[in-house]
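Below is data.cif, which holds mmCIF, C-alpha atoms and all ligand atoms.
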```cif
data_run
loop_
_atom_site.label_atom_id
_atom_site.label_comp_id
_atom_site.auth_asym_id
_atom_site.auth_seq_id
_atom_site.Cartn_x
_atom_site.Cartn_y
_atom_site.Cartn_z
CA MET A 1002 -33.27 48.77 -1.60
CA ILE A 1003 -30.11 47.32 -3.18
CA LYS A 1004 -28.21 48.12 -0.02
CA ARG A 1005 -30.75 46.24 2.12
CA ASN A 1006 -30.58 43.21 -0.18
CA LEU A 1007 -26.80 43.23 -0.05
CA THR A 1008 -26.94 43.35 3.76
CA ARG A 1009 -29.33 40.39 3.76
CA LEU A 1010 -27.07 38.49 1.36
CA PHE A 1011 -24.10 39.20 3.62
CA ILE A 1012 -25.94 37.95 6.72
CA VAL A 1013 -27.09 34.78 4.90
CA GLY A 1014 -23.48 34.26 3.71
CA ILE A 1015 -22.10 34.54 7.25
CA PHE A 1016 -24.83 32.19 8.50
CA LEU A 1017 -23.96 29.60 5.83
CA ILE A 1018 -20.25 29.78 6.65
CA CYS A 1019 -21.01 29.31 10.38
CA LEU A 1020 -23.34 26.40 9.57
CA THR A 1021 -20.66 24.74 7.42
CA LEU A 1022 -18.05 25.12 10.14
CA PHE A 1023 -20.47 23.72 12.70
CA VAL A 1024 -21.48 20.73 10.54
CA THR A 1025 -17.90 19.88 9.59
CA LYS A 1026 -16.73 20.56 13.16
CA GLY A 1027 -14.25 23.01 11.73
CA SER A 1028 -12.56 20.38 9.59
CA LEU A 1029 -13.40 22.23 6.37
CA PHE A 1030 -11.68 25.24 7.81
CA CYS A 1031 -8.69 23.14 8.86
CA ASN A 1032 -8.49 21.42 5.50
CA ILE A 1033 -8.25 24.76 3.78
CA PHE A 1034 -6.05 26.73 6.11
CA VAL A 1035 -3.88 24.43 8.15
CA PRO A 1036 -0.77 23.26 6.36
CA ASN A 1037 -1.00 19.55 6.88
CA GLU A 1038 2.45 18.48 6.00
CA TYR A 1039 4.10 17.65 9.23
CA THR A 1040 7.51 16.30 8.40
CA LYS A 1041 9.01 17.11 5.10
CA GLU A 1042 12.24 15.38 4.67
CA ARG A 1043 14.61 13.16 6.51
CA GLU A 1044 17.93 12.23 5.10
CA CYS A 1045 19.37 8.99 6.27
CA GLN A 1046 22.88 7.69 5.77
CA THR A 1047 21.99 4.02 5.87
CA LEU A 1048 19.54 4.17 2.96
CA HIS A 1049 20.20 2.47 -0.33
CA VAL A 1050 20.17 5.16 -2.98
CA ARG A 1051 20.40 4.13 -6.61
CA LYS A 1052 20.62 6.52 -9.50
CA ASP A 1053 19.75 3.91 -12.15
CA ILE A 1054 16.15 3.24 -11.06
CA PRO A 1055 13.18 5.56 -10.45
CA ARG A 1056 12.23 6.73 -7.00
CA ILE A 1057 9.28 4.73 -5.64
CA TYR A 1058 6.70 6.83 -3.79
CA ILE A 1059 4.89 4.48 -1.44
CA VAL A 1060 1.58 5.85 -0.20
CA THR A 1061 0.25 4.47 3.08
CA PRO A 1062 -2.99 5.66 4.69
CA THR A 1063 -3.13 4.86 8.39
CA HIS A 1064 -5.60 5.29 11.25
CA THR A 1065 -5.45 5.02 15.02
CA ARG A 1066 -6.19 1.57 16.44
CA LEU A 1067 -4.54 -0.87 18.84
CA THR A 1068 -2.60 -2.71 16.13
CA GLN A 1069 -1.45 0.40 14.28
CA LYS A 1070 2.07 0.48 15.68
CA ALA A 1071 2.53 -3.25 15.09
CA ASP A 1072 1.32 -3.01 11.50
CA LEU A 1073 3.40 0.06 10.68
CA THR A 1074 6.48 -1.42 12.32
CA ARG A 1075 6.21 -4.53 10.15
CA LEU A 1076 5.74 -2.48 6.99
CA SER A 1077 8.63 -0.17 7.85
CA TYR A 1078 10.96 -3.17 8.19
CA THR A 1079 9.90 -4.44 4.76
CA LEU A 1080 10.51 -1.00 3.26
CA ARG A 1081 14.00 -0.87 4.77
CA LEU A 1082 14.95 -3.61 2.34
CA VAL A 1083 13.89 -1.61 -0.71
CA PRO A 1084 16.18 0.90 -2.42
CA ASN A 1085 15.08 4.36 -3.57
CA ILE A 1086 11.81 4.73 -1.76
CA ARG A 1087 10.03 7.65 -0.19
CA TRP A 1088 7.37 6.53 2.25
CA ILE A 1089 4.38 8.88 2.31
CA VAL A 1090 2.37 8.11 5.42
CA VAL A 1091 -0.96 9.90 5.70
CA GLU A 1092 -2.75 9.80 9.02
CA ASP A 1093 -6.53 9.82 9.14
CA ALA A 1094 -6.46 12.51 11.81
CA ASP A 1095 -6.76 16.24 12.45
CA GLN A 1096 -3.20 16.34 13.67
CA PRO A 1097 -0.19 14.04 13.60
CA SER A 1098 0.04 11.51 16.43
CA ASP A 1099 3.10 10.83 18.55
CA ILE A 1100 2.93 7.13 17.70
CA VAL A 1101 3.37 7.74 13.97
CA LYS A 1102 5.75 10.65 14.46
CA ASN A 1103 8.09 8.55 16.61
CA LEU A 1104 7.81 5.49 14.44
CA LEU A 1105 8.79 7.46 11.34
CA ALA A 1106 11.61 9.26 13.11
CA ASN A 1107 13.08 5.87 14.08
CA SER A 1108 12.33 4.17 10.77
CA GLU A 1109 15.62 4.94 9.00
CA LEU A 1110 13.58 5.67 5.87
CA HIS A 1111 13.02 8.69 3.65
CA TYR A 1112 9.54 9.71 4.61
CA THR A 1113 6.89 12.37 4.43
CA HIS A 1114 4.33 12.55 7.20
CA LEU A 1115 0.96 14.02 6.22
CA PHE A 1116 -2.47 14.01 7.77
CA ALA A 1117 -5.98 14.37 6.40
CA LYS A 1118 -9.07 13.53 8.38
CA THR A 1119 -11.75 11.56 6.59
CA ARG A 1120 -14.54 14.09 6.30
CA THR A 1121 -17.80 12.86 7.79
CA GLU A 1122 -19.74 12.98 4.53
CA SER A 1123 -17.17 11.12 2.47
CA LEU A 1124 -16.73 8.62 5.31
CA LYS A 1125 -20.43 7.84 5.32
CA LYS A 1126 -20.52 7.40 1.56
CA ALA A 1127 -17.29 5.44 1.46
CA ALA A 1128 -18.18 3.19 4.40
CA ARG A 1129 -21.24 1.95 2.57
CA ARG A 1130 -18.96 0.91 -0.25
CA ASN A 1131 -16.10 -0.35 1.91
CA HIS A 1132 -13.69 2.32 0.66
CA ARG A 1133 -11.18 3.34 3.27
CA GLY A 1134 -8.17 5.63 3.13
CA VAL A 1135 -9.65 7.65 0.23
CA ASN A 1136 -8.95 11.19 1.50
CA GLN A 1137 -5.55 10.10 2.69
CA ARG A 1138 -4.44 8.67 -0.67
CA ASN A 1139 -5.68 11.82 -2.39
CA GLU A 1140 -3.71 13.95 0.06
CA ALA A 1141 -0.59 12.00 -0.86
CA ILE A 1142 -1.32 12.29 -4.58
CA SER A 1143 -1.52 16.07 -4.33
CA TRP A 1144 1.74 16.15 -2.35
CA ILE A 1145 3.33 13.97 -5.03
CA ARG A 1146 2.13 16.24 -7.83
CA ARG A 1147 3.70 19.20 -6.04
CA ASN A 1148 6.93 17.65 -4.83
CA ALA A 1149 7.92 14.39 -6.47
CA GLN A 1150 10.92 14.18 -8.73
CA HIS A 1151 11.30 12.31 -11.98
CA PRO A 1152 11.79 9.54 -12.72
CA GLY A 1153 9.24 8.24 -10.27
CA VAL A 1154 6.55 5.64 -9.75
CA VAL A 1155 3.70 5.58 -7.25
CA TYR A 1156 2.46 2.53 -5.35
CA PHE A 1157 -0.40 2.41 -2.84
CA ALA A 1158 0.51 0.20 0.11
CA ASP A 1159 -2.07 -0.08 2.90
CA ASP A 1160 -0.58 -0.37 6.36
CA ASP A 1161 -1.85 -3.86 7.18
CA ASN A 1162 -0.94 -5.91 4.10
CA THR A 1163 2.07 -8.18 3.65
CA TYR A 1164 4.43 -7.32 0.80
CA ALA A 1165 7.08 -9.46 -0.88
CA ILE A 1166 10.12 -7.29 -1.58
CA ARG A 1167 9.91 -8.36 -5.20
CA VAL A 1168 6.73 -6.37 -5.66
CA PHE A 1169 8.80 -3.19 -5.39
CA GLU A 1170 11.24 -4.45 -8.04
CA GLU A 1171 8.28 -5.12 -10.30
CA VAL A 1172 6.84 -1.63 -10.08
CA VAL A 1173 10.08 0.11 -10.96
CA GLY A 1174 10.55 1.55 -14.44
CA TRP A 1175 7.11 0.93 -15.84
CA HIS A 1176 4.51 3.43 -16.91
CA THR A 1177 1.83 1.41 -15.28
CA SER A 1178 2.05 -2.06 -14.00
CA PHE A 1179 -0.71 -4.29 -12.83
CA ARG A 1180 -0.50 -7.79 -11.59
CA ARG A 1181 -4.14 -8.39 -12.29
CA LYS A 1182 -6.77 -7.37 -14.79
CA ILE A 1183 -8.24 -3.90 -14.55
CA SER A 1184 -10.32 -5.11 -11.64
CA THR A 1185 -7.16 -4.83 -9.55
CA ASP A 1186 -6.89 -4.39 -5.81
CA MET A 1187 -5.15 -1.38 -4.33
CA ALA A 1188 -1.87 -3.26 -3.90
CA GLY A 1189 -2.04 -4.70 -7.42
CA PHE A 1190 -0.90 -1.76 -9.51
CA ALA A 1191 1.58 1.07 -9.75
CA VAL A 1192 1.40 4.32 -11.68
CA SER A 1193 4.18 6.37 -13.20
CA LEU A 1194 4.67 9.90 -11.93
CA HIS A 1195 4.28 11.21 -15.51
CA MET A 1196 0.86 9.66 -15.73
CA LEU A 1197 -0.27 11.25 -12.45
CA GLU A 1198 0.95 14.63 -13.64
CA ASP A 1199 -0.61 14.29 -17.11
CA HIS A 1200 -4.00 13.62 -15.51
CA ALA A 1201 -3.88 16.33 -12.89
CA ARG A 1202 -7.47 15.86 -11.72
CA ALA A 1203 -7.41 12.10 -11.27
CA GLN A 1204 -8.15 11.05 -7.71
CA PHE A 1205 -9.76 8.32 -5.62
CA ARG A 1206 -13.50 8.97 -5.41
CA ALA A 1207 -15.55 7.94 -2.41
CA THR A 1208 -18.53 7.86 -4.75
CA ALA A 1209 -17.10 4.96 -6.78
CA ALA A 1210 -19.24 1.83 -6.60
CA SER A 1211 -18.31 -0.88 -4.14
CA GLY A 1212 -15.23 -2.74 -5.40
CA TYR A 1213 -14.56 -0.11 -8.09
CA LEU A 1214 -12.40 2.37 -6.17
CA GLU A 1215 -9.24 1.30 -7.97
CA VAL A 1216 -10.64 0.85 -11.46
CA ASP A 1217 -12.44 4.21 -11.21
CA PHE A 1218 -9.09 5.85 -10.42
CA ILE A 1219 -7.20 3.96 -13.14
CA GLN A 1220 -9.77 4.89 -15.78
CA GLN A 1221 -9.35 8.58 -14.93
CA LEU A 1222 -5.71 8.10 -15.96
CA GLY A 1223 -6.94 7.25 -19.45
CA VAL A 1224 -5.82 3.64 -19.15
CA THR A 1225 -7.63 0.76 -20.81
CA LEU A 1226 -7.08 -2.95 -20.42
CA SER A 1227 -4.73 -3.14 -23.42
CA ASP A 1228 -2.47 -0.42 -21.92
CA LEU A 1229 -1.70 -2.51 -18.86
CA GLU A 1230 1.68 -4.08 -18.46
CA PRO A 1231 1.28 -7.38 -16.65
CA ARG A 1232 4.08 -8.06 -14.18
CA ALA A 1233 5.18 -10.86 -11.87
CA ASP A 1234 5.82 -13.47 -14.58
CA ASP A 1235 2.68 -12.55 -16.47
CA CYS A 1236 0.59 -12.47 -13.32
CA THR A 1237 1.52 -15.94 -12.21
CA LYS A 1238 3.13 -14.91 -8.91
CA VAL A 1239 1.44 -13.67 -5.76
CA LEU A 1240 3.58 -10.94 -4.24
CA VAL A 1241 1.12 -9.20 -1.92
CA TRP A 1242 -1.24 -10.62 0.65
CA HIS A 1243 -4.34 -8.79 1.79
CA THR A 1244 -3.79 -9.62 5.44
CA LYS A 1245 -5.65 -8.16 8.39
CA THR A 1246 -4.39 -7.98 11.94
CA GLU A 1247 -6.90 -9.39 14.40
CA LYS A 1248 -8.53 -6.78 16.57
CA PRO A 1249 -7.20 -7.39 20.07
CA SER A 1250 -9.62 -7.87 22.92
CA ILE A 1251 -8.93 -5.61 25.87
CA LYS A 1252 -11.93 -6.61 27.94
CA ASN A 1253 -9.65 -7.62 30.82
CA GLU A 1254 -8.78 -3.96 31.25
CA ALA A 1255 -12.34 -3.24 32.38
CA LEU A 1256 -12.31 -6.24 34.73
CA ILE A 1257 -8.98 -5.29 36.27
CA LEU A 1258 -10.27 -1.78 36.79
CA LYS A 1259 -13.45 -3.09 38.41
CA TRP A 1260 -11.80 -5.71 40.66
CA TYR A 1261 -8.51 -4.05 41.55
CA ASN A 1262 -9.14 -0.39 40.65
CA TYR A 1263 -6.03 -0.59 38.50
CA THR A 1264 -5.26 0.02 34.78
CA SER A 1265 -2.37 -0.55 32.41
CA ASP A 1266 0.01 2.39 32.29
CA PRO A 1267 -1.56 4.81 29.76
CA ASN A 1268 1.85 6.40 29.22
CA ILE A 1269 3.28 3.24 27.67
CA GLU A 1270 2.85 3.25 23.90
CA VAL A 1271 1.41 0.09 22.39
C1 LIG A 1301 -8.85 -1.89 1.78
C2 LIG A 1301 -9.54 -0.61 1.22
O1 LIG A 1301 -10.67 -0.26 2.00
C3 LIG A 1301 -9.98 -0.76 -0.16
O2 LIG A 1301 -10.22 0.56 -0.66
C4 LIG A 1301 -8.95 -1.46 -1.01
O3 LIG A 1301 -9.47 -1.70 -2.26
C5 LIG A 1301 -8.55 -2.78 -0.39
O4 LIG A 1301 -8.03 -2.56 0.88
C6 LIG A 1301 -7.47 -3.45 -1.19
O5 LIG A 1301 -6.36 -3.67 -0.73
O6 LIG A 1301 -7.70 -3.77 -2.31
P1 LIG A 1301 -9.50 -3.22 3.87
O7 LIG A 1301 -8.28 -4.05 3.98
O8 LIG A 1301 -10.78 -3.87 4.23
O9 LIG A 1301 -9.76 -2.73 2.37
O10 LIG A 1301 -9.37 -1.82 4.67
P2 LIG A 1301 -8.33 -1.34 5.79
O11 LIG A 1301 -7.05 -2.10 5.74
O12 LIG A 1301 -9.06 -1.27 7.07
O13 LIG A 1301 -8.08 0.17 5.29
C7 LIG A 1301 -7.32 0.48 4.12
C8 LIG A 1301 -6.31 1.57 4.46
O14 LIG A 1301 -7.00 2.75 4.85
C9 LIG A 1301 -5.39 1.18 5.60
O15 LIG A 1301 -4.08 1.61 5.32
C10 LIG A 1301 -6.01 1.88 6.79
O16 LIG A 1301 -5.11 2.20 7.83
C11 LIG A 1301 -6.62 3.11 6.17
N1 LIG A 1301 -7.82 3.59 6.90
C12 LIG A 1301 -8.79 2.73 7.29
C13 LIG A 1301 -7.95 4.94 7.19
O17 LIG A 1301 -7.06 5.75 6.84
N2 LIG A 1301 -9.04 5.37 7.88
C14 LIG A 1301 -10.03 4.52 8.30
O18 LIG A 1301 -11.02 4.97 8.94
C15 LIG A 1301 -9.89 3.15 7.99
MN MN A 1302 -6.47 -3.85 4.88
#
```

What is this file in structure tokens?
Amino acid sequence: MIKRNLTRLFIVGIFLICLTLFVTKGSLFCNIFVPNEYTKERECQTLHVRKDIPRIYIVTPTHTRLTQKADLTRLSYTLRLVPNIRWIVVEDADQPSDIVKNLLANSELHYTHLFAKTRTESLKKAARRNHRGVNQRNEAISWIRRNAQHPGVVYFADDDNTYAIRVFEEVVGWHTSFRRKISTDMAGFAVSLHMLEDHARAQFRATAASGYLEVDFIQQLGVTLSDLEPRADDCTKVLVWHTKTEKPSIKNEALILKWYNYTSDPNIEV
């Protein structure tokens, strides 16, 4: 009797595992078993290294689209002007892309290249609330907890915004720094490495209400409004712009194909 029940339990277990793999298209499996750190370290002679200030870990989620290379190129040039950074780029993908791999290899920056696909369920939940890059930032946070060195500070820089170099000077050396009230945007605060380590479970949650992704994360760090350290001349300077690159229209491609049976060279990276 017990043996038969155990056999049934085993069969149900196998069925559930198969169902999970089918529903998640194997991504659950990949998330657990595939090491998703692609490029660990790159030393570069031309970098500014300073011993007197903390290392800034800059976390950038990124996803495939026509303007991705343009956006990342612009951000990489900004980051070249900043001393002591490590750029943690996390692709929303099942595997690293050549575009990002090549861009990072040519960036002359210290970088770490990770990837973490937005899981379907969290994407659906997050999309309703306009949260993007959630899994990717969490992937970077767990890498940081495992690998970052003190003293350090963490800043979340989306790939399409415009950053004044001064914003990176402002985030250095502070436990937390916010340029706005607790209802800050992603680019409006930085967190010390100590704080991330002291609150080892804190992460971005796709379930946070719309507009509350950041404050939900900050509150998990045990921070209240009075703990914030206003920066940028007491929040009187704008140092980051929430810009968005216009989605290019490629409708001519279809017309050229139809009229001339011809396409742009798919082997040329854009
Ligand atoms: C973004 C975020 O969605 C908000 O969570 C954040 O609060 C806000 O910026 C902010 O700066 O305060 P938005 O600019 O509309 O809003 O979103 P995107 O720029 O499209 O995406 C944010 C980041 O996630 C980008 O780095 C983007 O490349 C990445 N992303 C986007 C993904 O990794 N996967 C996606 O499917 C979409
Ligand atoms: Mn954006």

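Taking all atoms listed in the file into account, the protein and nucleic acid residues that come at most 10 Å from ligand MN 1302 (chain A) are Thr1063, Arg1133, Gly1134, Ala1158, Asp1159, Asp1160, Asp1161, Asn1162, Thr1163, Met1187, Ala1188, Trp1242, His1243, Thr1244, Lys1245 and Thr1246 of chain A.
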
Review point. For the atom pair CA of Tyr1078 in chain A and CA of Pro1097 in chain A, what is the interatomic distance in Å to one decimal place?
Key: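 Interatomic distance here is 21.2 Å.
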
Can you write out as a tab-separated table which residues of chain A fall within 10 Å of ligand LIG 1301 (chain A), alongside each residue's closest atom pair and its distance in Å to one decimal, counting only C-alpha atoms and all ligand atoms and ordering rows by chain and ascending residue number?
```
residue	atom	partner	partner_atom	distance
A:Val1060	CA	A:LIG1301	O15	9.0
A:Thr1061	CA	A:LIG1301	O15	5.7
A:Pro1062	CA	A:LIG1301	O15	4.2
A:Thr1063	CA	A:LIG1301	O16	3.4
A:His1064	CA	A:LIG1301	O16	4.6
A:Thr1065	CA	A:LIG1301	O16	7.7
A:Arg1066	CA	A:LIG1301	O16	8.7
A:Thr1068	CA	A:LIG1301	O16	10.0
A:Gln1069	CA	A:LIG1301	O16	7.6
A:Asp1072	CA	A:LIG1301	O16	9.1
A:Leu1073	CA	A:LIG1301	O16	9.2
A:Val1090	CA	A:LIG1301	O15	9.2
A:Val1091	CA	A:LIG1301	O17	7.5
A:Glu1092	CA	A:LIG1301	O17	6.3
A:Asp1093	CA	A:LIG1301	O17	4.7
A:Ala1094	CA	A:LIG1301	O17	8.4
A:Phe1116	CA	A:LIG1301	O17	9.5
A:Ala1117	CA	A:LIG1301	O17	8.7
A:Lys1118	CA	A:LIG1301	N2	8.2
A:Thr1119	CA	A:LIG1301	N2	6.9
A:Leu1124	CA	A:LIG1301	O18	7.7
A:Ala1127	CA	A:LIG1301	O1	8.8
A:Ala1128	CA	A:LIG1301	O1	8.6
A:Arg1130	CA	A:LIG1301	O1	8.7
A:Asn1131	CA	A:LIG1301	O1	5.4
A:His1132	CA	A:LIG1301	O2	4.1
A:Arg1133	CA	A:LIG1301	O1	3.9
A:Gly1134	CA	A:LIG1301	O14	3.6
A:Val1135	CA	A:LIG1301	O2	7.2
A:Asn1136	CA	A:LIG1301	O17	7.9
A:Gln1137	CA	A:LIG1301	O17	6.2
A:Arg1138	CA	A:LIG1301	O17	8.5
A:Phe1157	CA	A:LIG1301	O5	8.8
A:Ala1158	CA	A:LIG1301	O15	7.1
A:Asp1159	CA	A:LIG1301	O15	3.6
A:Asp1160	CA	A:LIG1301	O15	4.2
A:Asp1161	CA	A:LIG1301	O11	5.7
A:Asn1162	CA	A:LIG1301	O11	7.4
A:Ser1184	CA	A:LIG1301	O6	9.8
A:Thr1185	CA	A:LIG1301	O6	7.3
A:Asp1186	CA	A:LIG1301	O6	3.6
A:Met1187	CA	A:LIG1301	O6	4.0
A:Ala1188	CA	A:LIG1301	O5	5.5
A:Gly1189	CA	A:LIG1301	O6	7.7
A:Phe1205	CA	A:LIG1301	O2	9.2
A:Ala1207	CA	A:LIG1301	O2	9.3
A:Ser1211	CA	A:LIG1301	O2	8.9
A:Gly1212	CA	A:LIG1301	O3	6.6
A:Tyr1213	CA	A:LIG1301	O3	7.9
A:Leu1214	CA	A:LIG1301	O2	6.2
A:Glu1215	CA	A:LIG1301	O3	6.5
A:Val1216	CA	A:LIG1301	O3	9.6
A:Val1241	CA	A:LIG1301	O5	9.4
A:Trp1242	CA	A:LIG1301	O5	8.7
A:His1243	CA	A:LIG1301	O5	6.1
A:Thr1244	CA	A:LIG1301	O7	7.3
A:Lys1245	CA	A:LIG1301	O7	6.6
A:Thr1246	CA	A:LIG1301	O11	8.9
```

Practice item. Have a look at A:Arg1147, A:His1195, A:Arg1206, A:Arg1232 and name the one nearest to Gln1220 in chain A; count only C-alpha atoms. Key: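 Result for the nearest residue to Gln1220 in chain A: A:Arg1206.
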
Check your understanding: Can you tell me how far CA of Thr1113 in chain A sits from CA of Asp1217 in chain A, in Å to one decimal?
Key ->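 Atom-to-atom, CA of Thr1113 in chain A to CA of Asp1217 in chain A, that is 26.2 Å.
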
Practice item. Between A:Lys1248, A:His1151, A:Arg1120, A:His1200, single out the one closest to Ile1054 in chain A, counting all atoms listed in the file. Key: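 Nearest candidate to Ile1054 in chain A out of A:Lys1248, A:His1151, A:Arg1120, A:His1200: A:His1151.
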
Practice item. Check the smallest atom-to-atom distance from each of A:Gln1150, A:Thr1121, A:Asn1085, A:Asn1139 to Lys1052 in chain A using all atoms listed in the file, then report the winner. Key: A:Asn1085

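For the set A:Leu1067, A:Ile1219, A:Ala1149, A:Met1196, the residue with the smallest atom-to-atom gap to Ser1250 in chain A is A:Leu1067, counting only C-alpha atoms.
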
Review point. What is the CA of Tyr1164 in chain A to CA of Pro1055 in chain A distance in Å?
Key: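 Atom-to-atom, CA of Tyr1164 in chain A and CA of Pro1055 in chain A are spaced 19.2 Å apart.
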
Exercise for review: Write out as a ChimeraX atom specification the residues lying within 9 Å of Glu1254 in chain A, counting all atoms listed in the file and excluding same-chain residues fewer than 2 positions away.
Suggested key: /A:1251-1252,1256-1259,1263-1265

Would you output that residue set with C-alpha atoms, as a compact mmCIF listing (two decimals), in the coordinates of the input?
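part.txt, written as the output of this step:
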```txt
# COMPACT_ATOMS: atom_id res chain seq x y z
CA ILE A 1251 -8.93 -5.61 25.87
CA LYS A 1252 -11.93 -6.61 27.94
CA LEU A 1256 -12.31 -6.24 34.73
CA ILE A 1257 -8.98 -5.29 36.27
CA LEU A 1258 -10.27 -1.78 36.79
CA LYS A 1259 -13.45 -3.09 38.41
CA TYR A 1263 -6.03 -0.59 38.50
CA THR A 1264 -5.26 0.02 34.78
CA SER A 1265 -2.37 -0.55 32.41
```

At a cut-off of 8 Å, using only C-alpha atoms, what residues contact range 1100-1106 of chain A? Leave out same-chain residues fewer than 6 positions from it and give the result as a compact mmCIF listing (two decimals) with C-alpha atoms, in the frame of the given file.
```txt
# COMPACT_ATOMS: atom_id res chain seq x y z
CA LYS A 1070 2.07 0.48 15.68
CA LEU A 1073 3.40 0.06 10.68
CA THR A 1074 6.48 -1.42 12.32
CA TYR A 1112 9.54 9.71 4.61
CA HIS A 1114 4.33 12.55 7.20
CA GLU A 1270 2.85 3.25 23.90
```

Review point. Restricting the calculation to all atoms listed in the file, which member of A:Gly1153, A:Glu1171, A:Glu1140, A:Ala1191 is positioned closest to Val1239 in chain A?
Key: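 Of the candidates, the smallest distance to Val1239 in chain A is held by A:Glu1171.
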